[in-house]
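Read the structure below first, then the notes.
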Amino acid sequence: MPSPTREDGAAPAESRGGDGRGLVCALEMELTNRSLSSKMDCVSCDELINRNCADSPEVSVPLPPLGKRVTHMEGDDLCRLIDRKFLIEDKKRLCALALGTALVGILLMIIHAEICPYVYEPGSKVSLVINCSISLSTGCLLILIIAFHYKDIRLFIIDHKEVDWRIAITSHRVLVITLELLVCVIHPVGSYWEVDLYANSSSAAPLCISSHHDKALLDMELLLSMLMFLRLYLVHRAILLHSKVLLSASYRSIGSLNNINFTFRFVLKVLMNKHPARTLLVFILLFWLTASWMLTLCERRSESLTTGQMDTALWLIAITFLTVGYGDVAPKTSCGKGVCLFTGVMGVACTAMLVAIVTEKLALNKGEKHVHFFMMDIQISKRIRHAAANVLRECWLLHRASPAKGSRDEHRRHQRCLLEAIRVFRHLRLKQRKLRDYVSEMVDLPKMQMIMCDLSANWNNSYRELEQRILFMEQKLDELTRCFQQTSELLFEVLRHRNPEIR
């Protein structure tokens, strides 16, 4: 009679051994189905790896150990880690492109403002081309900013385990995005296409304006040109995303354990700590050139021939930055005065940072301080011994030059020398006491902690040794007790053997 078959195709066992083999087969099929489901869940991850393999060859996916199957939760975590890696790379790329686009727009604006009074001719289309290029770069910059924040929202969703995207749209994020778009959209409108050179103008480099423009429109063009430098806020974002602090896994791990937020402030502190002179020098140089050009652009409207020139503007910004202010050159317009005021404030701040850096570089470290104070203590001890010897010598000379044996003038001279030697001796003792008090205040807390840890470890070892010795002594006492008992029994047996009457 043929054995009936089950729905899964496994035949029933006919013996006890057959039942065990059937159970093993069922368990193996269940594990196989689970592994197949986990593999199906990670298909998207495999496709993502294959799709981005050419772009990011350094991304490595950790494989599970041999004989260990990947669960559904581990597959999801692996997919999220890969997505997060690629999103961070996209954010870095978008930030770099946005900064480059912003710098291109600023460079085009500077070129337009500089060559306009000398190159353009009436009816020329060069101004239209440059202004259209500035507007095109502004549009590209807005698109890159929106794409960057889109990647940032996706990263927020992945970090918080696939939450709704509307949760990431907070009021603070909306305010930041709006302000960034408003800052990046500012650029000269480029309405002056018919050019008039004003050959008889008294300005050293007159602005490129047409005959139908009034003062209000000129002020608006000037203000929009200067406000384009606000796009340089992207520099701090590029420094943050491309810094080794943010890219280092060890930095992030230790920072997360200590609740440290990796912001631009933290990265700037790290840069000022590692390369203070280089960082401050680059900032001062860029600020000096930018402020000088802005002052030149502002002062071209004035009637002064000196303040509108670049070399004079460099000199004025330098003496204002250093808070010297000779007074030989002064800005004429309100815009130029504002630039000089801001330059003075930044000069005071940079001077304070420079003083702090120089003070830190000239300060002695702990080892140098210990060596210096140790040598000073030795020198003061030698001087104290010499001062004590001088006191004894002057006492002996004063005793020899008593009024009964010599003149009173010599006696008074030795008295003055003795008082001076005593004063020097007391001064040196006070100086040594102050030095030792200062050295005692320089307690090296890590060293003291290590000493205390060593002492505690030694005490623990001594306590364990004492416990072992006490246990050893207890064992010896037990052995002695057993020996005494055996000895008493033997004595009793011997006495009973010799004298049978003893019981």
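Each chain of the structure tokens is named A, B, ... in the order shown, its residues numbered from 1; ligands are numbered from 1 in display order.
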task = Write out as a list in words the residues lying within 12 Å of Asn261 in chain A, counting only C-alpha atoms and excluding same-chain residues fewer than 3 positions away.
result = Leu240, Val245, Leu246, Tyr251, Arg252, Ser253, Ile254, Gly255, Ser256, Leu257, Asn258, Phe264, Arg265, Phe266 and Val267 of chain A
Show which residues sit within 10 Å of Leu108 in chain A, as a PDB file with all heavy atoms, in the first residue's frame. Count only C-alpha atoms, and ignore same-chain residues fewer than 6 positions away.
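Result file is out-v1.pdb:
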```pdb
ATOM      1  N   ALA A 102      28.173  80.026  -6.506  1.00  0.00           N
ATOM      2  CA  ALA A 102      28.124  81.330  -5.838  1.00  0.00           C
ATOM      3  C   ALA A 102      29.374  82.148  -6.126  1.00  0.00           C
ATOM      4  O   ALA A 102      29.298  83.359  -6.379  1.00  0.00           O
ATOM      5  CB  ALA A 102      27.946  81.125  -4.334  1.00  0.00           C
ATOM      6  N   GLU A 114      34.024  96.205 -12.899  1.00  0.00           N
ATOM      7  CA  GLU A 114      35.349  96.736 -13.168  1.00  0.00           C
ATOM      8  C   GLU A 114      35.546  97.122 -14.634  1.00  0.00           C
ATOM      9  O   GLU A 114      36.146  98.158 -14.928  1.00  0.00           O
ATOM     10  CB  GLU A 114      36.413  95.709 -12.746  1.00  0.00           C
ATOM     11  CG  GLU A 114      36.532  95.523 -11.247  1.00  0.00           C
ATOM     12  CD  GLU A 114      36.989  96.786 -10.546  1.00  0.00           C
ATOM     13  OE1 GLU A 114      37.768  97.550 -11.135  1.00  0.00           O
ATOM     14  OE2 GLU A 114      36.555  97.007  -9.396  1.00  0.00           O
ATOM     15  N   ILE A 130      26.720  89.476 -19.636  1.00  0.00           N
ATOM     16  CA  ILE A 130      27.231  89.256 -18.279  1.00  0.00           C
ATOM     17  C   ILE A 130      26.103  89.229 -17.271  1.00  0.00           C
ATOM     18  O   ILE A 130      26.066  88.385 -16.357  1.00  0.00           O
ATOM     19  CB  ILE A 130      28.280  90.328 -17.934  1.00  0.00           C
ATOM     20  CG1 ILE A 130      29.519  90.152 -18.806  1.00  0.00           C
ATOM     21  CG2 ILE A 130      28.654  90.258 -16.461  1.00  0.00           C
ATOM     22  CD1 ILE A 130      30.626  91.125 -18.517  1.00  0.00           C
ATOM     23  N   ASN A 131      25.138  90.139 -17.410  1.00  0.00           N
ATOM     24  CA  ASN A 131      24.022  90.156 -16.466  1.00  0.00           C
ATOM     25  C   ASN A 131      23.156  88.904 -16.596  1.00  0.00           C
ATOM     26  O   ASN A 131      22.657  88.371 -15.600  1.00  0.00           O
ATOM     27  CB  ASN A 131      23.174  91.404 -16.687  1.00  0.00           C
ATOM     28  CG  ASN A 131      23.830  92.648 -16.123  1.00  0.00           C
ATOM     29  OD1 ASN A 131      24.154  92.728 -14.950  1.00  0.00           O
ATOM     30  ND2 ASN A 131      24.052  93.628 -16.984  1.00  0.00           N
ATOM     31  N   SER A 133      24.333  86.046 -17.487  1.00  0.00           N
ATOM     32  CA  SER A 133      25.135  84.988 -16.863  1.00  0.00           C
ATOM     33  C   SER A 133      25.008  85.012 -15.347  1.00  0.00           C
ATOM     34  O   SER A 133      24.917  83.966 -14.685  1.00  0.00           O
ATOM     35  CB  SER A 133      26.607  85.136 -17.265  1.00  0.00           C
ATOM     36  OG  SER A 133      26.751  85.068 -18.675  1.00  0.00           O
ATOM     37  N   ILE A 134      24.984  86.230 -14.790  1.00  0.00           N
ATOM     38  CA  ILE A 134      24.795  86.337 -13.338  1.00  0.00           C
ATOM     39  C   ILE A 134      23.430  85.793 -12.932  1.00  0.00           C
ATOM     40  O   ILE A 134      23.294  85.055 -11.943  1.00  0.00           O
ATOM     41  CB  ILE A 134      24.969  87.805 -12.899  1.00  0.00           C
ATOM     42  CG1 ILE A 134      26.401  88.276 -13.135  1.00  0.00           C
ATOM     43  CG2 ILE A 134      24.588  87.973 -11.433  1.00  0.00           C
ATOM     44  CD1 ILE A 134      26.614  89.752 -12.853  1.00  0.00           C
ATOM     45  N   SER A 137      23.508  81.963 -13.173  1.00  0.00           N
ATOM     46  CA  SER A 137      24.216  81.354 -12.033  1.00  0.00           C
ATOM     47  C   SER A 137      23.377  81.428 -10.761  1.00  0.00           C
ATOM     48  O   SER A 137      23.395  80.502  -9.933  1.00  0.00           O
ATOM     49  CB  SER A 137      25.555  82.052 -11.819  1.00  0.00           C
ATOM     50  OG  SER A 137      25.367  83.406 -11.427  1.00  0.00           O
TER      51      SER A 137
END
```
message = If you run DSSP on the backbone here, which positions in range 265-499 of chain A get helix (DSSP H, G or I)? Please write them as a PyMOL selection string.
response = chain A and resi 265-274+276-299+310-321+334-362+366-400+408-441+445-498
Residues at most 12 Å from Phe287 in chain A, counting only C-alpha atoms, excluding those fewer than 2 positions away in the same chain, as a PDB file with N, CA, C and O atoms, in the first residue's frame?
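For reference, part_38.pdb as written:
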```pdb
ATOM      1  N   PHE A 229      27.874  89.294  -1.669  1.00  0.00           N
ATOM      2  CA  PHE A 229      28.911  88.654  -0.859  1.00  0.00           C
ATOM      3  C   PHE A 229      28.323  87.852   0.296  1.00  0.00           C
ATOM      4  O   PHE A 229      29.061  87.100   0.947  1.00  0.00           O
ATOM      5  N   LEU A 232      28.732  83.974   0.564  1.00  0.00           N
ATOM      6  CA  LEU A 232      29.909  83.316   1.115  1.00  0.00           C
ATOM      7  C   LEU A 232      29.607  82.549   2.399  1.00  0.00           C
ATOM      8  O   LEU A 232      30.507  81.931   2.973  1.00  0.00           O
ATOM      9  N   LEU A 280      43.983  82.069  10.681  1.00  0.00           N
ATOM     10  CA  LEU A 280      43.776  83.502  10.882  1.00  0.00           C
ATOM     11  C   LEU A 280      44.373  84.314   9.741  1.00  0.00           C
ATOM     12  O   LEU A 280      43.791  85.335   9.317  1.00  0.00           O
ATOM     13  N   LEU A 281      45.498  83.888   9.203  1.00  0.00           N
ATOM     14  CA  LEU A 281      46.124  84.617   8.099  1.00  0.00           C
ATOM     15  C   LEU A 281      45.264  84.559   6.840  1.00  0.00           C
ATOM     16  O   LEU A 281      45.083  85.574   6.147  1.00  0.00           O
ATOM     17  N   VAL A 282      44.724  83.397   6.522  1.00  0.00           N
ATOM     18  CA  VAL A 282      43.864  83.271   5.343  1.00  0.00           C
ATOM     19  C   VAL A 282      42.606  84.124   5.496  1.00  0.00           C
ATOM     20  O   VAL A 282      42.194  84.823   4.554  1.00  0.00           O
ATOM     21  N   PHE A 283      42.003  84.114   6.681  1.00  0.00           N
ATOM     22  CA  PHE A 283      40.802  84.912   6.897  1.00  0.00           C
ATOM     23  C   PHE A 283      41.092  86.404   6.768  1.00  0.00           C
ATOM     24  O   PHE A 283      40.333  87.152   6.132  1.00  0.00           O
ATOM     25  N   ILE A 284      42.197  86.864   7.370  1.00  0.00           N
ATOM     26  CA  ILE A 284      42.523  88.299   7.315  1.00  0.00           C
ATOM     27  C   ILE A 284      42.813  88.724   5.885  1.00  0.00           C
ATOM     28  O   ILE A 284      42.377  89.809   5.440  1.00  0.00           O
ATOM     29  N   LEU A 285      43.526  87.908   5.120  1.00  0.00           N
ATOM     30  CA  LEU A 285      43.862  88.268   3.742  1.00  0.00           C
ATOM     31  C   LEU A 285      42.603  88.362   2.876  1.00  0.00           C
ATOM     32  O   LEU A 285      42.421  89.342   2.123  1.00  0.00           O
ATOM     33  N   LEU A 289      41.068  91.941   1.135  1.00  0.00           N
ATOM     34  CA  LEU A 289      40.813  92.158  -0.285  1.00  0.00           C
ATOM     35  C   LEU A 289      39.331  92.437  -0.565  1.00  0.00           C
ATOM     36  O   LEU A 289      38.989  93.340  -1.351  1.00  0.00           O
ATOM     37  N   THR A 290      38.447  91.692   0.103  1.00  0.00           N
ATOM     38  CA  THR A 290      37.007  91.889  -0.129  1.00  0.00           C
ATOM     39  C   THR A 290      36.552  93.250   0.346  1.00  0.00           C
ATOM     40  O   THR A 290      35.821  93.969  -0.363  1.00  0.00           O
ATOM     41  N   ALA A 291      36.961  93.634   1.549  1.00  0.00           N
ATOM     42  CA  ALA A 291      36.548  94.935   2.076  1.00  0.00           C
ATOM     43  C   ALA A 291      37.133  96.081   1.254  1.00  0.00           C
ATOM     44  O   ALA A 291      36.476  97.112   1.057  1.00  0.00           O
ATOM     45  N   SER A 292      38.342  95.918   0.750  1.00  0.00           N
ATOM     46  CA  SER A 292      38.952  96.976  -0.079  1.00  0.00           C
ATOM     47  C   SER A 292      38.176  97.158  -1.372  1.00  0.00           C
ATOM     48  O   SER A 292      37.911  98.307  -1.802  1.00  0.00           O
ATOM     49  N   TRP A 293      37.788  96.071  -2.013  1.00  0.00           N
ATOM     50  CA  TRP A 293      37.018  96.212  -3.248  1.00  0.00           C
ATOM     51  C   TRP A 293      35.640  96.814  -2.985  1.00  0.00           C
ATOM     52  O   TRP A 293      35.148  97.633  -3.771  1.00  0.00           O
ATOM     53  N   MET A 294      35.009  96.419  -1.885  1.00  0.00           N
ATOM     54  CA  MET A 294      33.704  96.992  -1.550  1.00  0.00           C
ATOM     55  C   MET A 294      33.816  98.490  -1.277  1.00  0.00           C
ATOM     56  O   MET A 294      32.949  99.276  -1.681  1.00  0.00           O
ATOM     57  N   LEU A 295      34.884  98.891  -0.602  1.00  0.00           N
ATOM     58  CA  LEU A 295      35.089 100.325  -0.359  1.00  0.00           C
ATOM     59  C   LEU A 295      35.337 101.067  -1.661  1.00  0.00           C
ATOM     60  O   LEU A 295      34.837 102.192  -1.854  1.00  0.00           O
ATOM     61  N   LEU A 314      43.000  99.845  -0.239  1.00  0.00           N
ATOM     62  CA  LEU A 314      43.770  98.859   0.513  1.00  0.00           C
ATOM     63  C   LEU A 314      44.464  99.483   1.717  1.00  0.00           C
ATOM     64  O   LEU A 314      44.489  98.905   2.813  1.00  0.00           O
ATOM     65  N   ILE A 317      41.715 100.421   4.389  1.00  0.00           N
ATOM     66  CA  ILE A 317      41.212  99.232   5.091  1.00  0.00           C
ATOM     67  C   ILE A 317      42.274  98.695   6.046  1.00  0.00           C
ATOM     68  O   ILE A 317      41.959  98.252   7.168  1.00  0.00           O
ATOM     69  N   ALA A 318      43.548  98.736   5.643  1.00  0.00           N
ATOM     70  CA  ALA A 318      44.616  98.218   6.499  1.00  0.00           C
ATOM     71  C   ALA A 318      44.745  99.030   7.780  1.00  0.00           C
ATOM     72  O   ALA A 318      44.799  98.471   8.886  1.00  0.00           O
ATOM     73  N   PHE A 321      41.675  98.429   9.905  1.00  0.00           N
ATOM     74  CA  PHE A 321      41.679  97.101  10.498  1.00  0.00           C
ATOM     75  C   PHE A 321      42.622  97.038  11.691  1.00  0.00           C
ATOM     76  O   PHE A 321      42.324  96.373  12.702  1.00  0.00           O
ATOM     77  N   VAL A 339      31.402 100.317   5.615  1.00  0.00           N
ATOM     78  CA  VAL A 339      32.440  99.303   5.377  1.00  0.00           C
ATOM     79  C   VAL A 339      33.622  99.507   6.324  1.00  0.00           C
ATOM     80  O   VAL A 339      34.153  98.544   6.905  1.00  0.00           O
ATOM     81  N   PHE A 342      32.608  98.382   9.909  1.00  0.00           N
ATOM     82  CA  PHE A 342      32.641  96.918  10.032  1.00  0.00           C
ATOM     83  C   PHE A 342      34.073  96.399  10.028  1.00  0.00           C
ATOM     84  O   PHE A 342      34.412  95.444  10.740  1.00  0.00           O
ATOM     85  N   THR A 343      34.951  97.030   9.237  1.00  0.00           N
ATOM     86  CA  THR A 343      36.362  96.631   9.212  1.00  0.00           C
ATOM     87  C   THR A 343      37.023  96.861  10.562  1.00  0.00           C
ATOM     88  O   THR A 343      37.816  96.031  11.032  1.00  0.00           O
ATOM     89  N   GLY A 344      36.699  97.969  11.224  1.00  0.00           N
ATOM     90  CA  GLY A 344      37.264  98.230  12.545  1.00  0.00           C
ATOM     91  C   GLY A 344      36.838  97.199  13.576  1.00  0.00           C
ATOM     92  O   GLY A 344      37.642  96.743  14.397  1.00  0.00           O
ATOM     93  N   MET A 346      35.884  94.060  12.983  1.00  0.00           N
ATOM     94  CA  MET A 346      36.563  92.803  12.682  1.00  0.00           C
ATOM     95  C   MET A 346      38.053  92.878  13.023  1.00  0.00           C
ATOM     96  O   MET A 346      38.658  91.877  13.433  1.00  0.00           O
ATOM     97  N   GLY A 347      38.647  94.062  12.876  1.00  0.00           N
ATOM     98  CA  GLY A 347      40.051  94.218  13.250  1.00  0.00           C
ATOM     99  C   GLY A 347      40.275  94.024  14.743  1.00  0.00           C
ATOM    100  O   GLY A 347      41.252  93.379  15.159  1.00  0.00           O
ATOM    101  N   CYS A 350      39.923  90.212  15.414  1.00  0.00           N
ATOM    102  CA  CYS A 350      41.092  89.454  14.946  1.00  0.00           C
ATOM    103  C   CYS A 350      42.338  89.762  15.786  1.00  0.00           C
ATOM    104  O   CYS A 350      43.166  88.874  16.020  1.00  0.00           O
TER     105      CYS A 350
END
```
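For the pair CA of Lys92 in chain A and CA of Leu241 in chain A, the separation is 5.9 Å.
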Can you tell me which residues surround Leu179 in chain A at a distance of at most 12 Å, considering only C-alpha atoms, apart from same-chain residues fewer than 6 positions away, and format the answer as a PDB file with N, CA, C and O atoms, in the first residue's frame?
```pdb
ATOM      1  N   LEU A 142      20.036  78.505  -6.737  1.00  0.00           N
ATOM      2  CA  LEU A 142      18.776  78.223  -6.042  1.00  0.00           C
ATOM      3  C   LEU A 142      18.391  76.750  -6.194  1.00  0.00           C
ATOM      4  O   LEU A 142      17.926  76.106  -5.238  1.00  0.00           O
ATOM      5  N   ILE A 145      20.595  74.706  -3.895  1.00  0.00           N
ATOM      6  CA  ILE A 145      20.216  74.865  -2.487  1.00  0.00           C
ATOM      7  C   ILE A 145      18.988  74.011  -2.172  1.00  0.00           C
ATOM      8  O   ILE A 145      18.921  73.323  -1.141  1.00  0.00           O
ATOM      9  N   HIS A 172      11.703  75.790  12.102  1.00  0.00           N
ATOM     10  CA  HIS A 172      13.104  76.233  12.017  1.00  0.00           C
ATOM     11  C   HIS A 172      13.702  75.895  10.654  1.00  0.00           C
ATOM     12  O   HIS A 172      14.389  76.730  10.046  1.00  0.00           O
ATOM     13  N   ARG A 173      13.442  74.681  10.161  1.00  0.00           N
ATOM     14  CA  ARG A 173      13.971  74.297   8.851  1.00  0.00           C
ATOM     15  C   ARG A 173      13.387  75.152   7.736  1.00  0.00           C
ATOM     16  O   ARG A 173      14.086  75.568   6.808  1.00  0.00           O
ATOM     17  N   VAL A 185      19.153  84.699  -3.870  1.00  0.00           N
ATOM     18  CA  VAL A 185      18.460  85.279  -5.018  1.00  0.00           C
ATOM     19  C   VAL A 185      18.893  86.714  -5.274  1.00  0.00           C
ATOM     20  O   VAL A 185      18.596  87.285  -6.339  1.00  0.00           O
ATOM     21  N   ILE A 186      19.604  87.320  -4.310  1.00  0.00           N
ATOM     22  CA  ILE A 186      20.021  88.722  -4.466  1.00  0.00           C
ATOM     23  C   ILE A 186      21.124  88.814  -5.511  1.00  0.00           C
ATOM     24  O   ILE A 186      22.155  88.143  -5.408  1.00  0.00           O
ATOM     25  N   LEU A 230      27.029  87.996   0.563  1.00  0.00           N
ATOM     26  CA  LEU A 230      26.400  87.164   1.589  1.00  0.00           C
ATOM     27  C   LEU A 230      26.357  85.699   1.182  1.00  0.00           C
ATOM     28  O   LEU A 230      26.149  84.828   2.037  1.00  0.00           O
ATOM     29  N   ARG A 231      26.553  85.418  -0.099  1.00  0.00           N
ATOM     30  CA  ARG A 231      26.579  84.020  -0.530  1.00  0.00           C
ATOM     31  C   ARG A 231      27.781  83.257   0.019  1.00  0.00           C
ATOM     32  O   ARG A 231      27.796  82.028  -0.034  1.00  0.00           O
ATOM     33  N   TYR A 233      28.350  82.589   2.867  1.00  0.00           N
ATOM     34  CA  TYR A 233      27.997  81.764   4.019  1.00  0.00           C
ATOM     35  C   TYR A 233      28.139  80.272   3.681  1.00  0.00           C
ATOM     36  O   TYR A 233      28.234  79.426   4.586  1.00  0.00           O
TER      37      TYR A 233
END
```
request  = Have a look at A:Ile111, A:Leu435, A:Val324, A:Ala313 and name the one nearest to Val348 in chain A; count only C-alpha atoms.
outcome  =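 Among A:Ile111, A:Leu435, A:Val324, A:Ala313, it is A:Val324 that comes nearest to Val348 in chain A.
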inquiry  = If I take CA of Cys335 in chain A and CA of Cys298 in chain A, how far is one from the other in Å, to one decimal?
reply    =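 Straight-line distance from CA of Cys335 in chain A to CA of Cys298 in chain A works out to 5.7 Å.
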ask   = For the atom pair CA of Lys274 in chain A and CA of Lys361 in chain A, what is the interatomic distance in Å to one decimal place?
value =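 Going from CA of Lys274 in chain A over to CA of Lys361 in chain A, I get 11.8 Å.
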Please provide the set of residues having any atom within 10 Å of Ala387 in chain A, restricted to only C-alpha atoms, with same-chain residues fewer than 6 positions apart removed, written as a JSON list (two decimals) with N, CA and C atoms, in the first residue's frame.
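The new file around_29.json reads:
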```json
[["chain", "number", "residue", "atom", "x", "y", "z"],
["A", 381, "SER", "N", 67.84, 78.36, 46.45],
["A", 381, "SER", "CA", 68.44, 77.67, 47.59],
["A", 381, "SER", "C", 69.92, 78.03, 47.72],
["A", 393, "ARG", "N", 78.96, 85.99, 58.53],
["A", 393, "ARG", "CA", 80.20, 86.76, 58.37],
["A", 393, "ARG", "C", 80.06, 88.16, 58.95],
["A", 420, "GLU", "N", 71.43, 94.64, 56.26],
["A", 420, "GLU", "CA", 71.20, 94.40, 54.83],
["A", 420, "GLU", "C", 71.26, 92.91, 54.50],
["A", 421, "ALA", "N", 72.21, 92.19, 55.09],
["A", 421, "ALA", "CA", 72.30, 90.75, 54.85],
["A", 421, "ALA", "C", 71.08, 90.02, 55.39],
["A", 422, "ILE", "N", 70.58, 90.46, 56.55],
["A", 422, "ILE", "CA", 69.37, 89.85, 57.10],
["A", 422, "ILE", "C", 68.17, 90.12, 56.21],
["A", 423, "ARG", "N", 68.10, 91.37, 55.69],
["A", 423, "ARG", "CA", 66.99, 91.71, 54.78],
["A", 423, "ARG", "C", 67.02, 90.87, 53.51],
["A", 424, "VAL", "N", 68.21, 90.67, 52.93],
["A", 424, "VAL", "CA", 68.33, 89.85, 51.72],
["A", 424, "VAL", "C", 67.96, 88.40, 52.02],
["A", 425, "PHE", "N", 68.39, 87.91, 53.18],
["A", 425, "PHE", "CA", 68.07, 86.53, 53.56],
["A", 425, "PHE", "C", 66.56, 86.34, 53.70],
["A", 426, "ARG", "N", 65.89, 87.27, 54.36],
["A", 426, "ARG", "CA", 64.44, 87.16, 54.52],
["A", 426, "ARG", "C", 63.72, 87.27, 53.18],
["A", 427, "HIS", "N", 64.21, 88.17, 52.30],
["A", 427, "HIS", "CA", 63.59, 88.33, 50.97],
["A", 427, "HIS", "C", 63.70, 87.04, 50.16],
["A", 428, "LEU", "N", 64.86, 86.40, 50.22],
["A", 428, "LEU", "CA", 65.03, 85.15, 49.47],
["A", 428, "LEU", "C", 64.17, 84.02, 50.05],
["A", 429, "ARG", "N", 64.06, 83.97, 51.37],
["A", 429, "ARG", "CA", 63.20, 82.95, 51.97],
["A", 429, "ARG", "C", 61.73, 83.15, 51.57]]
```
message = When you count only C-alpha atoms, which of these residues is closest to His149 in chain A: A:Leu222, A:Cys95, A:Ile239, A:Val129?
response = A:Cys95
key: Of the listed residues A:Leu418, A:Ser248, A:Ile146, A:Glu360, that which approaches Ala388 in chain A most closely, counting only C-alpha atoms   =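 Closest to Ala388 in chain A, using only C-alpha atoms: A:Leu418.
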inquiry  = Applying 10 Å and only C-alpha atoms, which residues near Asp152 in chain A remain after dropping the ones on its own chain fewer than 4 positions away? List them as a list in words.
reply    =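 What passes the distance filter is Leu87, Ile88, Asp90, Lys91, Ile146, Ala147, Phe148, Phe156, Ile157, Ile158 and Ala168 of chain A.
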Same residues, C-alpha atoms, saved as a PDB file, in the first residue's frame:
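Result saved to selection17.pdb:
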```pdb
ATOM      1  CA  LEU A  87      23.230  60.765   0.854  1.00  0.00           C
ATOM      2  CA  ILE A  88      26.192  62.242   2.718  1.00  0.00           C
ATOM      3  CA  ASP A  90      25.503  63.719  -2.418  1.00  0.00           C
ATOM      4  CA  LYS A  91      25.313  66.502   0.173  1.00  0.00           C
ATOM      5  CA  ILE A 146      16.806  73.206  -2.837  1.00  0.00           C
ATOM      6  CA  ALA A 147      18.443  69.891  -3.829  1.00  0.00           C
ATOM      7  CA  PHE A 148      20.775  70.104  -0.829  1.00  0.00           C
ATOM      8  CA  PHE A 156      16.694  62.924   8.509  1.00  0.00           C
ATOM      9  CA  ILE A 157      14.094  60.339   7.481  1.00  0.00           C
ATOM     10  CA  ILE A 158      16.708  57.573   7.299  1.00  0.00           C
ATOM     11  CA  ALA A 168      11.130  66.847   9.158  1.00  0.00           C
TER      12      ALA A 168
END
```
